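Read through the structure below, which is laid out as structure tokens, and then see the notes.
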2 protein chains.
Amino acid sequence: MDPLRIALGQINCTVGDLEGNRQRILAAIERAKDQECDLIAFPELAITGYPPEDLLLRQQFVADQDRLVSDIARRVQGLICILGHVDLDHAALHNSAAVITEGRLVDTYHKINLPNYSVFDEERYFEAGSRPLILDLSGVRIGLNICEDIWIDNNVTEAEALLGGADLLLNLSASPYYVHKEKERLELLRKRAQFTGAAVAYVNLIGGQDELIFDGHSLIVHPNGSVLAAGAGFAEDFIVADIDIDALRQWRQQQSDRESRSKSFFSPFGQFSYVQMRQSIREKHIDLTENKPQTEADVEEQIYRALCLGIRDYVGKNGFKDVALGLSGGVDSALVAALASDALGPDHVVGIGMPSQYSSHGSIVDAEQLAKNLGIAFHILPIQTTFDETLAQLKPLFQDLPSDVTEENLQARIRGNLLMALSNKFSWLIMATGNKSETSVGYSTLYGDMVGALMPLKDVFKTMVYRLCRYRNRIAGYDLIPEATLNKPPSAELRPDQTDQDSLPPYDVLDAILELYVVNEKSIQEIVERGFDRDIVRKIVRWVYNSEYKRRQAPPGIKITPRAYGKDRRMPITNRYRE
Amino acid sequence: MDPLRIALGQINCTVGDLEGNRQRILAAIERAKDQECDLIAFPELAITGYPPEDLLLRQQFVADQDRLVSDIARRVQGLICILGHVDLDHAALHNSAAVITEGRLVDTYHKINLPNYSVFDEERYFEAGSRPLILDLSGVRIGLNICEDIWIDNNVTEAEALLGGADLLLNLSASPYYVHKEKERLELLRKRAQFTGAAVAYVNLIGGQDELIFDGHSLIVHPNGSVLAAGAGFAEDFIVADIDIDALRQWRQQQSDRESRSKSFFSPFGQFSYVQMRQSIREKHIDLTENKPQTEADVEEQIYRALCLGIRDYVGKNGFKDVALGLSGGVDSALVAALASDALGPDHVVGIGMPSQYSSHGSIVDAEQLAKNLGIAFHILPIQTTFDETLAQLKPLFQDLPSDVTEENLQARIRGNLLMALSNKFSWLIMATGNKSETSVGYSTLYGDMVGALMPLKDVFKTMVYRLCRYRNRIAGYDLIPEATLNKPPSAELRPDQTDQDSLPPYDVLDAILELYVVNEKSIQEIVERGFDRDIVRKIVRWVYNSEYKRRQAPPGIKITPRAYGKDRRMPITNRYRE
């Protein structure tokens, strides 16, 4: 028979933009039809965007998306469309995959495994399905499943292939990015394909949504482990591939272990749904152009691209065009400026230098040079007179009390006010420049340098900030981010001759401990056993707990690690535990 | 036989304060022993505090609480203790009730129904139990269950009473407060008791934890509907009651419907656990003093007490003694000052007047009068010169652009900076004074009047703010909050002759629409059908969506309605839906 030609619509959906998502879906369906595809699949919850969160508690929202699914269904002719949507069934919501053909929604699969950990809250909204679903195209069988379903061993995919006889497993995903996630996924899909003898097609969402990045990297994997097609990372893509079912079956017979595995597989599911499709695999008249292989990006490139996507989508999807940020001459603001400039174009980024008496001359020079290199606008607004005036106002209460952190924070907050005034006057979205090391230990000023609609580096440790800067300079082929910025000791410049290391351990030590404590949830004892000083570990742990209240009022960041601050890590503010 | 004497330890636990909670628990156990109780019960997760959130993901935390539970167990002699704790069983965590007697933890009940809606995330942490548990004291049977278990019809309580033969149902709760919740609970407990023929003892946590108030109001209800004992609302309490088991059984026999209900009840549970206790009901030598009946508080009194508790516990449990707030002469700040003064004592509250050129003379006079009436400190810090200086700094960029909301926000942010400087210098915790009406529609300045560690009125609509002020004045017997504050048109005083109603619909209309839209999740159409103008409803709905980004950086509030902003309502920021 002709090969099964499938298309994966790796589209950038926006939460709540039902009409915009509908148009993206329809455009991809047209394209799949033009290319004689038998089937097109879209990511999980493509019609609502993912995650829709408490919008799902609004009946009107569910009804509205339902109308659009029906509208899309009417326009599907000549191929099968598998569409991620919300299904309201007997007063319960299901995270679902609609099977659409010839103008009708003929069946729908309900996600069986609902993630309710890390950033996921699916038990809050959905009821779990219980039946694997197999499409049957004149004997060619496709097993449907959704995101988490494929991550669970001895579950849906094995049932669909080993008992349901699926030749192809089709997974609709909205799988959030963190470093190396695309490698984990490739390994997982290979494992599933090899074990079950079925090809696996995996279509993942792409785009930024508040704290989350969906990185695309859709995949089609043969049970022999080879990648038949791969979607782009961090960009929309349209993936088409031919799966030679005859050859696949032949290959499988030679392996001969599917049969024995089927016999020993104990299914956790009582019943299966089989959907007989009127459509079978069709004759193809167009040859597919070769699938471009995706080159593997190194860690820095990957994170850099993830952050760019996160900035572009947060700014654009929230209706902004331009951003502004404080340029201190330091490494964090330099990186955010470079990212924003790459994400939005240099014409859409404004740097603001706000020197005080403690700012070194070099700081302004470096900031100016960076702005020049990036081609972004740069303005200088000194804060000294406002700082003096504010202190004068506070004098009746402060009397002759010695200077302390109060005066340092005050400078940061005057800068925050200036940035917000510019935001209000010119509709510039403000980017906060704090990184994960600072955010962890509270080395930042609430309502000061924490001011902003987005804090792109919130999940990026300081040591990685340096690596990303050097990566960007490598790409540029010169010191786009001035070498002086990278080489001087990090400093908040809020008092004379201050450096970060007056208050904090060296960043390589701090970041290593934070990685163990926050990302890997190691105990103090376990960290000490890896060779770190107990007093330093205890101090850092205390700082992490003590600054929870600041993080609760911080701007959203962009998750790039397995454990980010925000909805991924939900700690109480009121809490006496310090271990 | 002698009556079953039970004690309910309605204690104020603090999340993460394992040692402090242990001491509270041991003190209550001692008291119960002194009063010859057969059994004492504590609230859900009493040893960790509720909710411990992601502390539960730290193995060390679970191990630490385990150690303390064992320690408590060793000290239990001469009575039975039922203690809410976390049980780690086969690598899964359970929300549990430990059965402790004669120095040993003899069994533990695993909560069967895990709430995962509203403010609850229990599926994130716990695995559900599946077995009802019955204690047997020489034939007297007590069915254990935890919080949500008693809210589900035809479930644990029915199984324990109708099939397990329980004479008493004992529920350990951490049930968050909202208006009229205590009435809902009383109705529910009566329903359960009447249907099952068992007495119901309900021990609820008390105290504030971040956004949540646990209101106490523990109860013991007889199946005839009478309240045998009631714990205080919004305060710690120790409730002791005698349950005459002989009389209860006699009464039940006269009703005779338990038997028929038992026959027709279909249990969702396969197995029960029965725990034979070596201890049986003992002879009593001390007569119980009469149980004080709790008088019913009206709505205003209840909310006022809830807010006071929320303020006192947030401030105290986070290690602060004193608070400060901006006193504008308006009604919101007046109410927060009164609440803080009642919660912490007037010596611990500082009011700051920060007039600008737009502040009326009356505003300062009213603020001063309020401070005098409350007996709190009051300082005046004019902001005009700092405002002028900041505008001068912005002049090179602002040029001659007309004044707009920028200049209004700037004033609010200068005030925020002053308050934070005082906070830094004097360790005063800042209270933000925004209410739910403002918070809903974004009628507030991020980093301005939204500055603070706690926003006590965040869940209190403006119309209720007025009611609470008048309530407080009624109690005082005079205009403690000056009549001028209550009678003048509400205004942010950020431009000449401004009033809130220049921008917003009248508060009675706004609040009614917000109640329908936010609290009750009604659709625009449903609200219009109740007689509201469609354009106004649409405008308000848009404001609610558009200000999500501000709420995400707002201080925590105190939940007093069934749907509060914060973890109770999880809306995406990036979201194009506006229905």
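Identifiers in the structure tokens: chain A, B, ... in order shown; residue index from 1 per chain; ligand index from 1 in order shown.
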
Can you tell me which residues surround A:Ile414 at a distance of at most 9 Å, considering only C-alpha atoms, apart from same-chain residues fewer than 6 positions away, and format the answer as a tab-separated table (two decimals) with N, CA and C atoms, in the first residue's frame?
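Saved the output as out22.tsv:
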```tsv
chain	number	residue	atom	x	y	z
A	383	ILE	N	19.95	59.65	39.14
A	383	ILE	CA	18.97	59.58	40.24
A	383	ILE	C	19.40	60.37	41.47
A	386	THR	N	17.00	63.13	43.08
A	386	THR	CA	15.78	62.55	43.66
A	386	THR	C	16.11	61.77	44.93
A	387	PHE	N	17.23	61.06	44.89
A	387	PHE	CA	17.66	60.31	46.07
A	387	PHE	C	17.88	61.28	47.23
A	448	GLY	N	12.18	47.54	43.46
A	448	GLY	CA	13.35	48.26	42.95
A	448	GLY	C	13.81	47.59	41.67
B	390	THR	N	11.47	64.35	40.63
B	390	THR	CA	11.41	63.19	39.72
B	390	THR	C	10.93	63.62	38.35
B	413	ARG	N	3.75	55.85	43.65
B	413	ARG	CA	5.00	55.08	43.80
B	413	ARG	C	5.99	55.77	44.72
B	414	ILE	N	5.97	57.08	44.73
B	414	ILE	CA	6.83	57.79	45.69
B	414	ILE	C	6.37	57.46	47.11
B	417	ASN	N	7.65	54.11	47.97
B	417	ASN	CA	9.08	54.14	48.33
B	417	ASN	C	9.30	54.62	49.76
```

Could you make a table, as a tab-separated table, of the residues of chain A that have an atom within 6 Å of an atom of chain B, each with its nearest atom pair and distance in Å to one decimal, counting only C-alpha atoms, in chain and number order?
```
residue	atom	partner	partner_atom	distance
A:Val15	CA	B:Asn575	CA	5.0
A:Gly16	CA	B:Tyr577	CA	4.3
A:Asp17	CA	B:Arg576	CA	4.9
A:Glu53	CA	B:Met571	CA	5.7
A:Asp54	CA	B:Met571	CA	5.2
A:Asn116	CA	B:Arg124	CA	5.4
A:Tyr117	CA	B:Arg124	CA	5.3
A:Arg124	CA	B:Tyr117	CA	5.3
A:Asp210	CA	B:Thr574	CA	6.0
A:Asn318	CA	B:Thr574	CA	5.8
A:Thr386	CA	B:Glu389	CA	5.7
A:Glu389	CA	B:Thr386	CA	5.7
A:Thr390	CA	B:Thr386	CA	5.9
A:Thr406	CA	B:Asn424	CA	5.1
A:Ala421	CA	B:Thr406	CA	5.6
A:Asn424	CA	B:Thr406	CA	5.1
A:Lys425	CA	B:Thr406	CA	5.8
A:Tyr447	CA	B:Tyr447	CA	5.6
A:Gln553	CA	B:Gln553	CA	4.2
A:Arg570	CA	B:Asp54	CA	5.3
A:Met571	CA	B:Asp54	CA	5.2
A:Thr574	CA	B:Asn318	CA	5.8
A:Asn575	CA	B:Val15	CA	5.0
A:Arg576	CA	B:Gly16	CA	4.8
A:Tyr577	CA	B:Gly16	CA	4.4
```

Please write the residues from the selection above to a file, keeping N, CA and C atoms, as a tab-separated table (two decimals), in the first residue's frame.
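out_30.tsv written:
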```
chain	number	residue	atom	x	y	z
A	15	VAL	N	-3.08	31.23	24.59
A	15	VAL	CA	-4.17	30.91	25.52
A	15	VAL	C	-5.32	31.91	25.36
A	16	GLY	N	-6.50	31.40	25.21
A	16	GLY	CA	-7.69	32.24	25.14
A	16	GLY	C	-7.95	32.85	23.78
A	17	ASP	N	-7.02	32.73	22.86
A	17	ASP	CA	-7.21	33.32	21.52
A	17	ASP	C	-7.86	32.27	20.63
A	53	GLU	N	-5.65	27.17	32.42
A	53	GLU	CA	-5.87	27.41	33.86
A	53	GLU	C	-7.35	27.63	34.17
A	54	ASP	N	-7.66	28.60	35.04
A	54	ASP	CA	-9.03	28.70	35.53
A	54	ASP	C	-10.03	29.23	34.50
A	116	ASN	N	-0.21	16.24	37.78
A	116	ASN	CA	-0.61	17.19	38.82
A	116	ASN	C	0.56	17.52	39.74
A	117	TYR	N	1.72	17.68	39.13
A	117	TYR	CA	2.95	17.97	39.87
A	117	TYR	C	3.66	19.11	39.14
A	124	ARG	N	-7.00	19.49	38.79
A	124	ARG	CA	-7.88	20.59	39.19
A	124	ARG	C	-9.05	20.75	38.21
A	210	ASP	N	3.32	32.74	29.62
A	210	ASP	CA	3.70	33.17	30.97
A	210	ASP	C	5.06	32.57	31.34
A	318	ASN	N	0.95	39.71	24.77
A	318	ASN	CA	0.30	40.64	25.69
A	318	ASN	C	0.10	42.03	25.07
A	386	THR	N	17.00	63.13	43.08
A	386	THR	CA	15.78	62.55	43.66
A	386	THR	C	16.11	61.77	44.93
A	389	GLU	N	16.65	64.25	47.66
A	389	GLU	CA	15.39	64.88	48.05
A	389	GLU	C	14.57	63.92	48.92
A	390	THR	N	14.55	62.65	48.51
A	390	THR	CA	13.78	61.67	49.29
A	390	THR	C	14.36	61.51	50.69
A	406	THR	N	18.57	50.35	53.92
A	406	THR	CA	17.48	51.24	53.55
A	406	THR	C	17.88	52.15	52.40
A	421	ALA	N	7.56	54.99	35.18
A	421	ALA	CA	7.03	56.24	34.58
A	421	ALA	C	7.20	56.18	33.06
A	424	ASN	N	4.60	53.79	31.70
A	424	ASN	CA	3.28	54.41	31.62
A	424	ASN	C	3.18	55.40	30.46
A	425	LYS	N	4.24	56.22	30.31
A	425	LYS	CA	4.15	57.31	29.32
A	425	LYS	C	4.28	56.79	27.89
A	447	TYR	N	10.25	45.98	44.52
A	447	TYR	CA	9.80	47.28	43.99
A	447	TYR	C	10.98	48.13	43.49
A	553	GLN	N	6.08	38.34	45.04
A	553	GLN	CA	5.71	39.58	44.33
A	553	GLN	C	6.63	39.85	43.15
A	570	ARG	N	6.02	25.80	45.07
A	570	ARG	CA	4.96	26.47	45.82
A	570	ARG	C	5.22	26.38	47.30
A	571	MET	N	5.97	27.33	47.78
A	571	MET	CA	6.35	27.32	49.19
A	571	MET	C	5.49	28.33	49.95
A	574	THR	N	4.56	32.18	55.15
A	574	THR	CA	4.57	31.97	56.60
A	574	THR	C	5.03	30.55	56.86
A	575	ASN	N	6.21	30.40	57.42
A	575	ASN	CA	6.83	29.07	57.51
A	575	ASN	C	8.07	29.16	58.38
A	576	ARG	N	8.11	28.38	59.43
A	576	ARG	CA	9.26	28.46	60.34
A	576	ARG	C	10.33	27.42	60.02
A	577	TYR	N	10.07	26.55	59.06
A	577	TYR	CA	11.05	25.49	58.76
A	577	TYR	C	12.26	26.08	58.06
```

Using DSSP on the backbone coordinates, identify the residues of stretch 416-524 of chain A assigned to helix (DSSP H, G or I); present them as a VMD selection string.
chain A and resid 416 to 426 436 to 441 462 to 476 483 to 487 500 to 502 507 to 519 524

Could you give me, as an MDAnalysis selection string, the residues within 9 Å of stretch 197-201 of chain B, counting only C-alpha atoms and dropping anything in the same chain fewer than 3 positions from it?
chainID B and resid 6 8 161:162 165:172 189:190 192:194 218:224 229 243 248:249 251:252 255 257:258

Export of prior selection with C-alpha atoms as a short mmCIF file (atom, residue, chain, number, x, y, z; two decimals), in the first residue's frame:
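Listing of out15.cif after writing:
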```cif
data_model
loop_
_atom_site.label_atom_id
_atom_site.label_comp_id
_atom_site.auth_asym_id
_atom_site.auth_seq_id
_atom_site.Cartn_x
_atom_site.Cartn_y
_atom_site.Cartn_z
CA ILE B 6 -13.63 13.57 74.26
CA LEU B 8 -10.92 18.63 70.78
CA ALA B 161 -21.60 4.52 60.64
CA LEU B 162 -23.99 2.38 58.62
CA GLY B 165 -21.36 0.60 63.31
CA ALA B 166 -19.73 3.84 64.47
CA ASP B 167 -21.34 5.53 67.47
CA LEU B 168 -19.18 8.56 66.89
CA LEU B 169 -17.72 10.03 63.71
CA LEU B 170 -14.55 11.97 64.34
CA ASN B 171 -13.41 14.41 61.66
CA LEU B 172 -10.02 16.15 61.70
CA LEU B 189 -22.63 17.86 60.38
CA ARG B 190 -26.29 17.77 61.39
CA ARG B 192 -24.44 13.47 58.57
CA ALA B 193 -25.37 12.83 62.20
CA GLN B 194 -29.09 12.60 61.52
CA SER B 218 -15.18 23.06 66.17
CA LEU B 219 -18.40 21.20 66.89
CA ILE B 220 -19.88 18.14 68.48
CA VAL B 221 -23.33 17.33 67.18
CA HIS B 222 -25.86 14.76 68.36
CA PRO B 223 -27.88 12.85 65.76
CA ASN B 224 -30.97 14.57 67.11
CA ALA B 229 -20.31 21.49 72.29
CA ILE B 243 -21.19 11.69 74.97
CA LEU B 248 -27.27 7.71 72.11
CA ARG B 249 -27.87 4.08 71.27
CA TRP B 251 -32.23 7.20 70.97
CA ARG B 252 -31.04 5.53 67.79
CA GLN B 255 -35.51 6.09 65.40
CA ASP B 257 -34.08 3.95 60.47
CA ARG B 258 -30.36 3.28 60.81
#
```

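Between atom CA of A:Ser360 and atom CA of A:Asp497 there is a distance of 9.1 Å.
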
Using only C-alpha atoms, which protein or nucleic acid residues come within 12 Å of B:Val99? Drop anything in the same chain fewer than 4 positions from it, and give the result as a ChimeraX atom specification.
/B:39-42,69-70,72-73,76,79-85,87,103-110,133-136,142-145,170,274-277

Deliver the residues from the most recent selection as a file, using N, CA and C atoms, as a CSV table (one decimal), in the first residue's frame.
```
chain,number,residue,atom,x,y,z
B,39,LEU,N,-10.2,10.4,75.1
B,39,LEU,CA,-9.7,10.6,73.8
B,39,LEU,C,-9.5,12.1,73.5
B,40,ILE,N,-8.4,12.5,72.9
B,40,ILE,CA,-8.3,13.9,72.4
B,40,ILE,C,-7.9,13.8,70.9
B,41,ALA,N,-8.5,14.8,70.2
B,41,ALA,CA,-8.3,14.8,68.7
B,41,ALA,C,-7.8,16.2,68.3
B,42,PHE,N,-6.9,16.2,67.3
B,42,PHE,CA,-6.3,17.5,66.9
B,42,PHE,C,-6.7,17.7,65.4
B,69,VAL,N,6.3,13.1,65.7
B,69,VAL,CA,5.1,12.3,65.9
B,69,VAL,C,5.5,11.1,66.9
B,70,SER,N,6.6,10.5,66.6
B,70,SER,CA,7.1,9.4,67.5
B,70,SER,C,7.3,9.9,68.9
B,72,ILE,N,5.9,12.5,70.3
B,72,ILE,CA,4.6,12.8,70.9
B,72,ILE,C,4.0,11.5,71.4
B,73,ALA,N,4.0,10.5,70.5
B,73,ALA,CA,3.4,9.2,70.8
B,73,ALA,C,4.0,8.6,72.2
B,76,VAL,N,2.1,9.9,75.2
B,76,VAL,CA,0.7,9.7,75.4
B,76,VAL,C,0.5,8.5,76.2
B,79,LEU,N,-4.7,7.9,77.7
B,79,LEU,CA,-5.8,8.3,76.8
B,79,LEU,C,-5.4,8.0,75.4
B,80,ILE,N,-6.4,8.2,74.5
B,80,ILE,CA,-6.1,8.0,73.1
B,80,ILE,C,-6.0,9.4,72.4
B,81,CYS,N,-5.0,9.4,71.6
B,81,CYS,CA,-4.7,10.7,70.9
B,81,CYS,C,-4.9,10.5,69.4
B,82,ILE,N,-5.7,11.3,68.7
B,82,ILE,CA,-5.8,11.2,67.3
B,82,ILE,C,-5.2,12.4,66.7
B,83,LEU,N,-4.1,12.2,65.9
B,83,LEU,CA,-3.2,13.3,65.5
B,83,LEU,C,-3.1,13.4,64.0
B,84,GLY,N,-3.4,14.6,63.5
B,84,GLY,CA,-3.2,14.8,62.0
B,84,GLY,C,-1.7,14.9,61.7
B,85,HIS,N,-1.3,14.1,60.8
B,85,HIS,CA,0.2,14.1,60.4
B,85,HIS,C,0.3,13.6,59.0
B,87,ASP,N,1.9,10.7,56.6
B,87,ASP,CA,2.4,9.3,56.7
B,87,ASP,C,3.0,8.9,55.4
B,103,GLY,N,1.7,5.2,74.5
B,103,GLY,CA,3.1,5.4,74.0
B,103,GLY,C,3.4,4.9,72.6
B,104,ARG,N,2.3,4.4,71.9
B,104,ARG,CA,2.6,3.9,70.6
B,104,ARG,C,1.6,4.4,69.5
B,105,LEU,N,2.1,4.5,68.3
B,105,LEU,CA,1.2,4.8,67.2
B,105,LEU,C,0.7,3.4,66.7
B,106,VAL,N,-0.5,3.1,66.9
B,106,VAL,CA,-1.0,1.7,66.7
B,106,VAL,C,-1.6,1.6,65.3
B,107,ASP,N,-2.1,2.7,64.7
B,107,ASP,CA,-2.6,2.6,63.3
B,107,ASP,C,-2.7,4.0,62.8
B,108,THR,N,-2.9,4.1,61.5
B,108,THR,CA,-3.1,5.4,60.9
B,108,THR,C,-4.2,5.4,59.8
B,109,TYR,N,-5.1,6.4,59.8
B,109,TYR,CA,-6.1,6.5,58.8
B,109,TYR,C,-5.6,7.3,57.7
B,110,HIS,N,-5.7,6.9,56.4
B,110,HIS,CA,-5.3,7.7,55.3
B,110,HIS,C,-6.5,8.4,54.7
B,133,LEU,N,-11.6,3.7,58.7
B,133,LEU,CA,-11.0,3.1,59.9
B,133,LEU,C,-11.9,3.3,61.1
B,134,ILE,N,-12.1,2.2,61.8
B,134,ILE,CA,-13.0,2.3,63.0
B,134,ILE,C,-12.2,1.9,64.2
B,135,LEU,N,-12.2,2.7,65.3
B,135,LEU,CA,-11.7,2.3,66.6
B,135,LEU,C,-12.7,1.6,67.4
B,136,ASP,N,-12.3,0.6,68.0
B,136,ASP,CA,-13.3,-0.1,68.9
B,136,ASP,C,-12.8,-0.1,70.3
B,142,ILE,N,-15.7,4.3,67.0
B,142,ILE,CA,-15.4,5.6,66.6
B,142,ILE,C,-14.9,5.6,65.1
B,143,GLY,N,-15.5,6.2,64.2
B,143,GLY,CA,-15.1,6.2,62.8
B,143,GLY,C,-14.2,7.5,62.5
B,144,LEU,N,-13.0,7.2,62.0
B,144,LEU,CA,-12.1,8.4,61.8
B,144,LEU,C,-12.3,8.8,60.3
B,145,ASN,N,-12.2,10.1,60.1
B,145,ASN,CA,-12.1,10.7,58.7
B,145,ASN,C,-11.5,12.0,58.8
B,170,LEU,N,-15.5,11.0,63.9
B,170,LEU,CA,-14.6,12.0,64.3
B,170,LEU,C,-13.8,12.5,63.1
B,274,TYR,N,-10.4,-2.2,61.3
B,274,TYR,CA,-10.9,-2.1,62.6
B,274,TYR,C,-9.7,-2.1,63.6
B,275,VAL,N,-9.6,-1.2,64.5
B,275,VAL,CA,-8.5,-1.2,65.5
B,275,VAL,C,-9.1,-1.5,66.9
B,276,GLN,N,-8.8,-2.6,67.4
B,276,GLN,CA,-9.2,-2.9,68.8
B,276,GLN,C,-8.4,-2.1,69.8
B,277,MET,N,-9.0,-1.3,70.5
B,277,MET,CA,-8.2,-0.5,71.5
B,277,MET,C,-8.2,-1.3,72.8
```

Atom-to-atom span, atom CA of A:Phe378 and atom CA of A:Gln357, Å
19.6 Å

Do a neighbour search on A:Asn435 at 9 Å with only C-alpha atoms, toss out local chain neighbours closer than 6 positions, and write the hits as a list in words.
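Non-adjacent residues within range: Asp332, Met455, Pro456, Leu457, Lys458, Asp459, Val460, Phe461, Lys462 and Val465 of chain A.
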
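Counting only C-alpha atoms, the residue from B:Pro43, B:Gly78, B:Pro176, B:Gly139 that sits nearest to B:Pro562 is B:Pro176.
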
Fewer than 5 positions away in the same chain doesn't count, so skip those; otherwise give me all residues within 12 Å of B:Asp298, counting only C-alpha atoms, as JSON, numbers by chain.
{"B": [179, 180, 182, 183, 303, 304, 305, 467, 468, 471]}

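The space between atom CA of A:Asn473 and atom CA of A:Gly375 spans 15.0 Å.
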
Find the spatial neighbours of A:Leu205, counting only C-alpha atoms, within a cut-off of 7 Å - ignore same-chain residues fewer than 3 positions away - and output them as a ChimeraX atom specification.
/A:10-12,43,173-174,214-216

Restricting the calculation to only C-alpha atoms, which member of B:Ala92, B:Ala484, B:Ala32, B:Ile100 is positioned closest to B:Gln279?
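Of B:Ala92, B:Ala484, B:Ala32, B:Ile100, the one nearest B:Gln279 is B:Ile100, counting only C-alpha atoms.
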